[in-house]
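File shown: protein.cif. Contents: mmCIF, C-alpha atoms and all ligand atoms.
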data_structure
loop_
_atom_site.label_atom_id
_atom_site.label_comp_id
_atom_site.auth_asym_id
_atom_site.auth_seq_id
_atom_site.Cartn_x
_atom_site.Cartn_y
_atom_site.Cartn_z
CA MET A 3 -58.78 61.54 61.77
CA ASN A 4 -59.42 64.69 63.79
CA ASN A 5 -56.74 66.27 66.02
CA CYS A 6 -58.09 64.67 69.15
CA ALA A 7 -57.98 61.19 67.59
CA LYS A 8 -54.42 61.83 66.31
CA LYS A 9 -53.25 62.83 69.81
CA ALA A 10 -54.80 59.71 71.30
CA ALA A 11 -53.14 57.50 68.68
CA TRP A 12 -49.71 59.05 69.40
CA ARG A 13 -50.21 58.66 73.13
CA PHE A 14 -50.73 54.97 72.52
CA LEU A 15 -48.05 54.49 69.84
CA LEU A 16 -45.17 56.52 71.26
CA PRO A 17 -44.37 54.28 74.25
CA VAL A 18 -44.52 51.23 71.98
CA LEU A 19 -42.08 52.80 69.48
CA VAL A 20 -39.72 53.95 72.25
CA SER A 21 -39.63 50.53 73.87
CA LEU A 22 -39.00 48.87 70.49
CA TRP A 23 -36.14 51.28 69.79
CA VAL A 24 -34.59 50.73 73.24
CA SER A 25 -34.78 46.95 73.08
CA CYS A 26 -33.34 46.77 69.52
CA GLY A 27 -30.56 49.16 70.52
CA ALA A 28 -29.71 47.11 73.61
CA THR A 29 -29.55 43.89 71.61
CA ASN A 30 -27.20 45.43 69.06
CA SER A 31 -24.88 47.02 71.58
CA SER A 32 -24.49 43.80 73.55
CA ALA A 33 -23.05 42.05 70.53
CA THR A 34 -20.61 44.65 69.32
CA ASN A 35 -17.87 44.99 71.91
CA SER A 36 -14.45 43.77 70.88
CA VAL A 37 -12.45 41.30 72.96
CA PRO A 38 -9.40 43.14 74.37
CA ASN A 39 -5.97 41.83 73.43
CA LEU A 40 -4.24 40.98 76.69
CA GLY A 41 -0.74 40.73 75.19
CA ARG A 42 1.77 39.32 77.67
CA GLY A 43 0.74 38.80 81.27
CA LEU A 44 1.25 37.07 84.61
CA ASN A 45 -0.85 35.05 87.03
CA ILE A 46 -0.77 36.70 90.44
CA LEU A 47 -1.87 36.26 94.07
CA ASP A 48 -2.66 32.53 94.05
CA GLU A 49 -3.15 31.50 97.70
CA ASP A 50 -1.48 34.73 98.82
CA GLN A 51 -1.93 35.73 102.46
CA ILE A 52 -3.47 39.03 101.33
CA TRP A 53 -6.82 37.24 100.93
CA GLY A 54 -6.96 36.16 104.58
CA ASP A 55 -5.44 39.24 106.11
CA PRO A 56 -5.12 42.37 103.97
CA THR A 57 -2.77 43.91 106.55
CA LYS A 58 -0.25 41.21 105.62
CA GLU A 59 -0.17 42.58 102.10
CA ARG A 60 3.08 41.66 100.46
CA PHE A 61 1.81 42.66 97.08
CA GLU A 62 2.42 46.37 97.24
CA TYR A 63 1.28 48.81 94.59
CA ASP A 64 4.88 49.00 93.37
CA TYR A 65 4.69 45.39 92.16
CA TYR A 66 2.00 46.25 89.65
CA ARG A 67 4.04 49.17 88.39
CA MET A 68 7.14 46.97 88.21
CA ILE A 69 5.23 44.27 86.27
CA LYS A 70 4.06 46.90 83.81
CA GLU A 71 7.52 48.44 83.47
CA ARG A 72 9.05 45.05 82.68
CA GLY A 73 6.80 44.80 79.63
CA PHE A 74 3.73 42.88 80.80
CA GLN A 75 0.31 44.16 79.86
CA SER A 76 -2.04 42.08 81.98
CA VAL A 77 -2.51 40.13 85.20
CA ARG A 78 -4.75 37.15 85.91
CA ILE A 79 -5.88 37.39 89.53
CA ASN A 80 -6.28 33.89 90.99
CA MET A 81 -9.14 34.02 93.49
CA HIS A 82 -10.19 31.30 95.96
CA PRO A 83 -13.37 32.82 97.42
CA PHE A 84 -15.37 29.69 98.32
CA SER A 85 -13.81 29.33 101.76
CA ARG A 86 -14.61 33.01 102.43
CA MET A 87 -18.35 32.59 101.84
CA ASP A 88 -20.88 32.29 104.68
CA ASN A 89 -23.59 29.60 104.88
CA ALA A 90 -25.76 31.56 102.45
CA ASN A 91 -22.81 31.77 100.03
CA ARG A 92 -22.39 35.51 100.65
CA LEU A 93 -18.87 36.91 100.37
CA GLY A 94 -17.56 38.78 103.40
CA PRO A 95 -17.07 42.56 103.02
CA GLU A 96 -13.33 42.33 103.84
CA TRP A 97 -12.66 39.83 101.08
CA VAL A 98 -14.52 41.94 98.55
CA ALA A 99 -12.70 45.09 99.71
CA THR A 100 -9.38 43.31 99.18
CA LEU A 101 -10.43 42.38 95.65
CA ASP A 102 -11.49 45.98 94.98
CA SER A 103 -8.09 47.25 96.03
CA VAL A 104 -6.24 44.63 93.94
CA VAL A 105 -8.29 45.55 90.84
CA LYS A 106 -7.82 49.27 91.50
CA ASN A 107 -4.04 48.95 91.91
CA ALA A 108 -3.64 46.81 88.81
CA THR A 109 -5.79 49.02 86.57
CA GLN A 110 -4.14 52.19 87.89
CA ALA A 111 -0.79 50.71 86.93
CA GLY A 112 -2.15 50.33 83.38
CA LEU A 113 -2.62 46.57 83.48
CA LYS A 114 -5.54 44.67 82.01
CA VAL A 115 -7.12 42.34 84.54
CA ILE A 116 -8.72 38.90 84.51
CA LEU A 117 -10.78 38.03 87.59
CA ASP A 118 -10.14 34.28 87.62
CA LEU A 119 -12.32 32.13 89.89
CA HIS A 120 -9.67 29.57 90.82
CA ASP A 121 -11.68 27.25 93.11
CA TYR A 122 -11.41 24.37 90.67
CA ARG A 123 -10.39 21.85 93.35
CA PRO A 124 -13.65 21.96 95.37
CA CYS A 125 -15.52 22.11 92.05
CA GLY A 126 -13.90 18.91 90.81
CA GLN A 127 -14.81 17.16 94.07
CA ASP A 128 -18.49 18.12 94.18
CA ALA A 129 -20.11 19.47 91.03
CA VAL A 130 -23.46 20.15 92.75
CA THR A 131 -22.08 22.42 95.49
CA CYS A 132 -19.76 23.93 92.87
CA ARG A 133 -22.71 25.02 90.71
CA THR A 134 -24.38 26.81 93.63
CA LYS A 135 -21.17 28.56 94.64
CA VAL A 136 -20.06 29.56 91.13
CA LEU A 137 -23.48 31.09 90.42
CA ALA A 138 -23.58 32.83 93.82
CA PHE A 139 -20.08 34.20 93.29
CA TRP A 140 -20.80 35.78 89.91
CA ASP A 141 -24.21 36.97 91.06
CA GLN A 142 -22.33 39.13 93.60
CA ILE A 143 -19.17 40.01 91.71
CA ALA A 144 -20.53 40.74 88.21
CA PRO A 145 -22.87 43.61 89.26
CA ARG A 146 -20.14 45.01 91.51
CA TYR A 147 -17.82 45.46 88.52
CA ARG A 148 -20.47 46.43 85.97
CA ASP A 149 -18.87 49.90 85.56
CA ALA A 150 -15.27 48.70 85.53
CA PRO A 151 -13.28 49.43 82.36
CA GLU A 152 -13.71 46.90 79.55
CA THR A 153 -10.11 45.81 80.23
CA VAL A 154 -11.39 44.00 83.34
CA LEU A 155 -12.40 40.49 82.26
CA PHE A 156 -14.26 37.74 84.11
CA GLU A 157 -13.08 34.11 83.98
CA ILE A 158 -15.97 31.86 85.05
CA LEU A 159 -13.83 29.02 86.47
CA ASN A 160 -10.23 27.82 86.21
CA GLU A 161 -9.55 24.29 84.95
CA PRO A 162 -12.90 22.49 85.37
CA ASP A 163 -12.08 18.80 85.87
CA ARG A 164 -13.14 15.45 87.47
CA GLN A 165 -16.86 15.74 88.46
CA LEU A 166 -17.18 18.76 86.19
CA THR A 167 -17.34 16.73 82.99
CA SER A 168 -17.68 18.50 79.63
CA GLU A 169 -21.43 17.96 79.75
CA ARG A 170 -21.86 19.45 83.22
CA TRP A 171 -19.38 22.24 82.50
CA ASN A 172 -21.14 23.30 79.28
CA LYS A 173 -24.41 23.60 81.24
CA LEU A 174 -22.81 25.51 84.09
CA LEU A 175 -20.94 27.93 81.85
CA ALA A 176 -24.14 28.78 79.95
CA GLU A 177 -26.04 29.38 83.19
CA THR A 178 -23.24 31.50 84.64
CA LEU A 179 -22.97 33.53 81.47
CA GLN A 180 -26.66 34.39 81.79
CA VAL A 181 -26.09 35.62 85.33
CA ILE A 182 -23.10 37.72 84.19
CA ARG A 183 -24.90 39.12 81.12
CA ARG A 184 -27.71 40.54 83.30
CA SER A 185 -25.33 43.23 84.57
CA ASN A 186 -22.48 43.05 82.02
CA PRO A 187 -24.04 42.65 78.58
CA SER A 188 -20.78 43.06 76.66
CA ARG A 189 -17.89 42.43 79.06
CA THR A 190 -15.38 39.89 77.81
CA VAL A 191 -15.75 36.58 79.63
CA VAL A 192 -12.93 34.02 79.61
CA ILE A 193 -13.97 30.37 79.22
CA GLY A 194 -11.95 27.22 78.55
CA PRO A 195 -12.72 23.56 77.93
CA ALA A 196 -13.24 20.95 80.68
CA LYS A 197 -10.42 18.48 81.49
CA SER A 198 -8.22 21.18 83.02
CA ASN A 199 -8.50 23.61 80.10
CA SER A 200 -6.51 21.23 77.91
CA PHE A 201 -6.54 22.21 74.23
CA LYS A 202 -7.20 18.54 73.41
CA PHE A 203 -10.81 19.01 74.57
CA LEU A 204 -11.62 22.26 72.75
CA ASP A 205 -14.02 20.33 70.53
CA GLU A 206 -16.11 19.40 73.59
CA LEU A 207 -16.58 23.04 74.57
CA VAL A 208 -20.04 24.41 73.75
CA LEU A 209 -20.37 28.19 73.76
CA PRO A 210 -23.46 30.30 73.09
CA GLU A 211 -23.02 31.00 69.37
CA LYS A 212 -24.38 34.56 69.49
CA ASP A 213 -22.17 35.72 72.33
CA ARG A 214 -19.00 37.00 70.67
CA ASN A 215 -17.58 38.68 73.79
CA ILE A 216 -15.85 35.49 74.85
CA LEU A 217 -12.12 34.82 75.03
CA VAL A 218 -11.36 31.11 74.90
CA THR A 219 -8.61 29.98 77.24
CA ILE A 220 -6.37 26.93 77.26
CA HIS A 221 -3.55 25.88 79.59
CA TYR A 222 -0.36 24.30 78.30
CA TYR A 223 2.00 22.19 80.42
CA SER A 224 3.15 19.68 77.87
CA PRO A 225 5.07 17.42 78.23
CA LEU A 226 3.95 17.06 81.85
CA LEU A 227 6.94 14.84 82.76
CA PHE A 228 9.14 17.82 81.92
CA THR A 229 7.07 20.79 83.20
CA HIS A 230 5.98 19.11 86.42
CA GLN A 231 9.12 17.14 87.33
CA GLY A 232 9.31 16.91 91.13
CA ALA A 233 5.61 17.80 91.63
CA ASN A 234 3.71 15.85 94.28
CA TRP A 235 0.22 16.96 93.16
CA THR A 236 0.06 15.26 89.76
CA THR A 237 -1.46 11.81 89.16
CA PRO A 238 0.73 9.80 89.27
CA SER A 239 2.99 11.84 91.54
CA LEU A 240 6.25 13.05 89.96
CA GLU A 241 7.97 13.54 93.30
CA GLY A 242 11.66 12.76 92.95
CA LYS A 243 11.31 12.19 89.20
CA LEU A 244 13.86 14.78 88.12
CA GLY A 245 16.39 15.19 85.32
CA VAL A 246 13.91 15.38 82.41
CA GLU A 247 15.32 17.43 79.53
CA TRP A 248 13.57 19.44 76.81
CA GLY A 249 14.70 21.02 73.56
CA SER A 250 15.24 18.32 70.90
CA PRO A 251 13.96 19.00 67.34
CA ALA A 252 11.19 16.49 68.06
CA ASN A 253 10.21 18.46 71.18
CA TYR A 254 9.98 21.70 69.18
CA ALA A 255 8.01 19.99 66.40
CA GLU A 256 5.49 18.61 68.88
CA LEU A 257 5.01 22.05 70.42
CA ASP A 258 4.43 23.59 67.01
CA ASP A 259 1.93 20.91 66.06
CA ASP A 260 -0.02 21.44 69.29
CA PHE A 261 -0.20 25.18 68.71
CA ASP A 262 -1.27 24.65 65.10
CA VAL A 263 -4.19 22.54 66.34
CA ILE A 264 -5.24 25.35 68.70
CA ALA A 265 -4.89 27.99 65.95
CA GLN A 266 -6.97 25.89 63.58
CA TRP A 267 -9.75 25.52 66.17
CA SER A 268 -9.64 29.27 66.80
CA LYS A 269 -9.97 29.97 63.06
CA ASN A 270 -12.74 27.42 62.48
CA ASN A 271 -14.75 28.76 65.40
CA ASP A 272 -13.85 32.42 65.02
CA ARG A 273 -12.84 32.70 68.68
CA PRO A 274 -9.69 34.48 69.98
CA ILE A 275 -7.39 32.51 72.30
CA LEU A 276 -5.75 33.23 75.64
CA LEU A 277 -3.00 30.89 76.80
CA GLY A 278 -4.01 31.43 80.44
CA GLU A 279 -1.32 29.27 82.06
CA PHE A 280 2.00 27.73 81.12
CA GLY A 281 5.16 27.18 83.13
CA ALA A 282 7.94 24.75 83.99
CA LEU A 283 8.58 23.87 87.62
CA GLU A 284 11.81 24.58 89.52
CA GLY A 285 12.68 20.83 89.57
CA GLY A 286 13.95 21.05 85.97
CA ALA A 287 17.34 22.41 84.94
CA MET A 288 17.15 26.14 84.26
CA LYS A 289 18.51 25.99 80.70
CA PHE A 290 15.74 23.59 79.61
CA ARG A 291 13.06 25.54 81.49
CA GLN A 292 14.22 28.69 79.79
CA SER A 293 14.08 27.11 76.31
CA TRP A 294 10.59 25.70 76.94
CA VAL A 295 9.15 28.93 78.37
CA SER A 296 10.55 30.97 75.52
CA ALA A 297 9.37 28.47 72.86
CA VAL A 298 5.83 28.36 74.28
CA ALA A 299 5.54 32.15 74.59
CA ARG A 300 6.80 32.66 71.02
CA ALA A 301 4.54 29.88 69.66
CA ALA A 302 1.55 31.67 71.20
CA GLU A 303 2.59 35.09 69.96
CA ALA A 304 3.23 33.83 66.42
CA ARG A 305 -0.43 32.77 66.31
CA HIS A 306 -1.74 35.99 67.92
CA PHE A 307 -2.75 34.35 71.19
CA SER A 308 -2.36 36.47 74.31
CA TRP A 309 -0.77 34.74 77.30
CA THR A 310 -0.49 34.90 81.09
CA TYR A 311 2.45 32.97 82.53
CA TRP A 312 2.00 30.74 85.61
CA GLN A 313 3.09 32.56 87.76
CA PHE A 314 4.52 35.75 89.29
CA GLN A 315 5.32 34.42 92.78
CA GLY A 316 5.24 30.97 94.46
CA ASN A 317 6.27 27.92 92.44
CA PHE A 318 7.19 28.30 88.71
CA ALA A 319 8.00 31.87 89.78
CA VAL A 320 9.31 34.65 87.59
CA PHE A 321 9.76 36.80 90.70
CA ASP A 322 11.46 35.64 93.89
CA LEU A 323 9.47 37.27 96.71
CA SER A 324 11.89 36.36 99.49
CA ARG A 325 14.86 37.89 97.65
CA GLN A 326 12.73 40.61 96.05
CA LYS A 327 14.33 39.85 92.70
CA TRP A 328 13.18 38.84 89.24
CA VAL A 329 14.27 35.37 88.14
CA ASP A 330 16.19 36.78 85.19
CA GLN A 331 16.36 33.64 83.06
CA ILE A 332 12.57 33.16 83.16
CA LEU A 333 11.88 36.86 82.73
CA SER A 334 14.08 37.11 79.63
CA ALA A 335 12.49 33.94 78.21
CA LEU A 336 9.10 35.61 78.59
CA ILE A 337 10.06 39.11 77.48
CA PRO A 338 13.10 38.88 75.21
CA ARG A 339 15.51 41.74 75.76
CA ARG A 340 15.93 44.06 72.85
CA ALA A 341 19.43 43.98 71.32
CA SER A 342 21.26 47.13 72.45
C1 LIG A 401 -3.12 24.96 88.36
C2 LIG A 401 -3.10 25.11 89.85
C3 LIG A 401 -1.78 25.45 90.44
C4 LIG A 401 -0.69 24.62 89.82
C5 LIG A 401 -0.70 24.80 88.33
C6 LIG A 401 0.34 23.91 87.71
O1 LIG A 401 -3.63 26.09 87.79
O2 LIG A 401 -4.00 26.09 90.28
O3 LIG A 401 -1.81 25.26 91.83
O4 LIG A 401 0.55 25.03 90.37
O5 LIG A 401 -1.94 24.49 87.76
O6 LIG A 401 0.14 22.58 88.10
#

What would you get if you wrote out this structure as structure tokens?
Amino acid sequence: MNNCAKKAAWRFLLPVLVSLWVSCGATNSSATNSVPNLGRGLNILDEDQIWGDPTKERFEYDYYRMIKERGFQSVRINMHPFSRMDNANRLGPEWVATLDSVVKNATQAGLKVILDLHDYRPCGQDAVTCRTKVLAFWDQIAPRYRDAPETVLFEILNEPDRQLTSERWNKLLAETLQVIRRSNPSRTVVIGPAKSNSFKFLDELVLPEKDRNILVTIHYYSPLLFTHQGANWTTPSLEGKLGVEWGSPANYAELDDDFDVIAQWSKNNDRPILLGEFGALEGGAMKFRQSWVSAVARAAEARHFSWTYWQFQGNFAVFDLSRQKWVDQILSALIPRRAS
């Protein structure tokens, strides 16, 4: 081959080699990120007025610092964006700016962050509209946070239930993951089973086998008669049904068995676990709530699950916003005080 022919061959081959190298490299890098350990955390900002009117912000920067100082490492931000979308399912600039500032404050305070799409109620009522809105939401939010630190995680949807059967949910989660992966090839995405993220339905959860940047989440409120005593939103309603105790040896054994089932699933499927919600409502007596919260948190930690308690403010609260005080019994159940 003369020089001229060699040059021509290289001119043709070089772009092919470069594109092969780039595409192989991209495939490898998308599979290699590790799922961050979220440690101990709190759910925050569910239905908070900050979302409607940022000037009414009660959740000052100091709260994030205070959460961190008390020993928590992460926050799960509960977002209800559907009602803030226009007819074309576009999010308003104010809502997005509020989210930006929440994420900035939390990360600056040194907290890991889960962006949790918490519109599970409308999703359970109408799976078709839900699909459109979930996809539209992540199509806007995922690219916006493409350069965020890897300690910012996306949770596709909280507690899929009712119309979002396992079959529909498995389809929707796969579609949404594709949308997210276009801009965030290796960000950790949090996904749980249908039927309200109950661990009992982990076997119905279908995840893309090759995608290892997934943190599997479950919620634990068992036994419901204890954790939700007095609640009017359960079916059947537990309004007025108070006085349920917790803490017998049988109660502890049941808790341990449940967590063993979750740990076994995690091992069999090689997927890390986040206990994304657990809590016991104010209707129960504090000493039993304290025992339950502590037992659940320790059961998770013993099996290397990270957890985010439901919730910082509101009901089940570990912080009393009106009195600006931690609820000490719940806080010490979550983060045991070191012996002095
Ligand atoms: C769900 C709901 C929340 C409720 C909690 C316990 O995540 O979003 O409103 O308080 O579970 O029932």

Do you have, as JSON lines, the list of residues of chain A lying at most 9 Å from ligand LIG 401 (chain A), each with its nearest atom pair and that distance in Å to one decimal, counting only C-alpha atoms and all ligand atoms and ordered by chain then number?
{"residue": "A:Asp48", "atom": "CA", "partner": "A:LIG401", "partner_atom": "O2", "distance": 7.6}
{"residue": "A:Glu49", "atom": "CA", "partner": "A:LIG401", "partner_atom": "O3", "distance": 8.7}
{"residue": "A:Asn80", "atom": "CA", "partner": "A:LIG401", "partner_atom": "O2", "distance": 8.2}
{"residue": "A:His120", "atom": "CA", "partner": "A:LIG401", "partner_atom": "O2", "distance": 6.7}
{"residue": "A:Asp121", "atom": "CA", "partner": "A:LIG401", "partner_atom": "O2", "distance": 8.3}
{"residue": "A:Tyr122", "atom": "CA", "partner": "A:LIG401", "partner_atom": "O2", "distance": 7.6}
{"residue": "A:Arg123", "atom": "CA", "partner": "A:LIG401", "partner_atom": "O2", "distance": 8.3}
{"residue": "A:Asn160", "atom": "CA", "partner": "A:LIG401", "partner_atom": "O1", "distance": 7.0}
{"residue": "A:Glu161", "atom": "CA", "partner": "A:LIG401", "partner_atom": "O1", "distance": 6.8}
{"residue": "A:Ser198", "atom": "CA", "partner": "A:LIG401", "partner_atom": "O1", "distance": 8.2}
{"residue": "A:His221", "atom": "CA", "partner": "A:LIG401", "partner_atom": "O1", "distance": 8.2}
{"residue": "A:Tyr223", "atom": "CA", "partner": "A:LIG401", "partner_atom": "C6", "distance": 7.7}
{"residue": "A:Thr229", "atom": "CA", "partner": "A:LIG401", "partner_atom": "O6", "distance": 8.7}
{"residue": "A:His230", "atom": "CA", "partner": "A:LIG401", "partner_atom": "O6", "distance": 7.0}
{"residue": "A:Ala233", "atom": "CA", "partner": "A:LIG401", "partner_atom": "O6", "distance": 8.1}
{"residue": "A:Trp235", "atom": "CA", "partner": "A:LIG401", "partner_atom": "O6", "distance": 7.6}
{"residue": "A:Thr236", "atom": "CA", "partner": "A:LIG401", "partner_atom": "O6", "distance": 7.5}
{"residue": "A:Glu279", "atom": "CA", "partner": "A:LIG401", "partner_atom": "O1", "distance": 6.9}
{"residue": "A:Phe280", "atom": "CA", "partner": "A:LIG401", "partner_atom": "C6", "distance": 7.8}
{"residue": "A:Gly281", "atom": "CA", "partner": "A:LIG401", "partner_atom": "C6", "distance": 7.4}
{"residue": "A:Ala282", "atom": "CA", "partner": "A:LIG401", "partner_atom": "C6", "distance": 8.5}
{"residue": "A:Leu283", "atom": "CA", "partner": "A:LIG401", "partner_atom": "C6", "distance": 8.2}
{"residue": "A:Trp312", "atom": "CA", "partner": "A:LIG401", "partner_atom": "C5", "distance": 7.1}
{"residue": "A:Gln313", "atom": "CA", "partner": "A:LIG401", "partner_atom": "O4", "distance": 8.4}
{"residue": "A:Gly316", "atom": "CA", "partner": "A:LIG401", "partner_atom": "O4", "distance": 8.6}
{"residue": "A:Asn317", "atom": "CA", "partner": "A:LIG401", "partner_atom": "O4", "distance": 6.7}
{"residue": "A:Phe318", "atom": "CA", "partner": "A:LIG401", "partner_atom": "O4", "distance": 7.6}

- Message: Ranking A:Gln75, A:Ser103, A:Asn91, A:Asn271 by minimum distance to Pro56 (chain A) and counting only C-alpha atoms, which one comes first?
- Response: A:Ser103

- Please identify all polymer residues within 6 Å of Ile116 (chain A), counting only C-alpha atoms, omitting same-chain residues fewer than 4 positions from it, and present them as an MDAnalysis selection string. chainID A and resid 78:79 154:156

- Residue neighbourhood region 244-253 of chain A, 6 Å, only C-alpha atoms, exclusion window fewer than 2 positions, as a list of chain:residue names: A:Phe228, A:Gln231, A:Gly232, A:Gly242, A:Ala255, A:Glu256, A:Phe290

Since we have the selection now, will you write its residues out, keeping C-alpha atoms, as a compact mmCIF listing (two decimals), in the frame of the given file?
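The resulting out.txt:
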# COMPACT_ATOMS: atom_id res chain seq x y z
CA PHE A 228 9.14 17.82 81.92
CA GLN A 231 9.12 17.14 87.33
CA GLY A 232 9.31 16.91 91.13
CA GLY A 242 11.66 12.76 92.95
CA ALA A 255 8.01 19.99 66.40
CA GLU A 256 5.49 18.61 68.88
CA PHE A 290 15.74 23.59 79.61

Take every atom of region 132-143 of chain A listed in the file, fit an axis-aligned box around them, add 8 Å per side, and give the centre and edge lengths in Å to one decimal as JSON.
{"center_x": -21.8, "center_y": 32.0, "center_z": 92.3, "size_x": 21.2, "size_y": 32.1, "size_z": 20.7}

- Item | Within 6 Å of region 195-197 of chain A using only C-alpha atoms, minus same-chain residues under 3 positions, as a count of residues only | 7

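Across the model, the gap from CA of Ala150 (chain A) to CA of Arg86 (chain A) is 23.1 Å.
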
- Item | Residue nearest Leu47 (chain A) - candidates A:Gly94, A:Arg67, A:Ala299, A:Leu119, atoms counted: all atoms listed in the file | A:Leu119

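We find CA of Gln331 (chain A) and CA of Arg291 (chain A) to be spaced 8.9 Å apart.
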
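The closest residue to Lys173 (chain A), picked from A:Arg133, A:Met81, A:Lys106, A:Ala287 and counting only C-alpha atoms, is A:Arg133.
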
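For the pair CA of Phe74 (chain A) and CA of Arg42 (chain A), the interatomic distance is 5.1 Å.
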
- Item | Exercise: residues within 12 Å of coordinate (-1.0, 51.3, 93.5), counting all atoms listed in the file, as a list in words | Phe61, Glu62, Tyr63, Asp64, Tyr65, Tyr66, Arg67, Met68, Ile69, Lys70, Asp102, Ser103, Val104, Val105, Lys106, Asn107, Ala108, Thr109, Gln110, Ala111, Gly112 and Leu113 of chain A

- Query: Given the choices A:Leu40, A:Ile337, A:Val295, A:Val98, which gets closest to Gly73 (chain A) if the distance is worked out from all atoms listed in the file?
  - Reply: A:Ile337
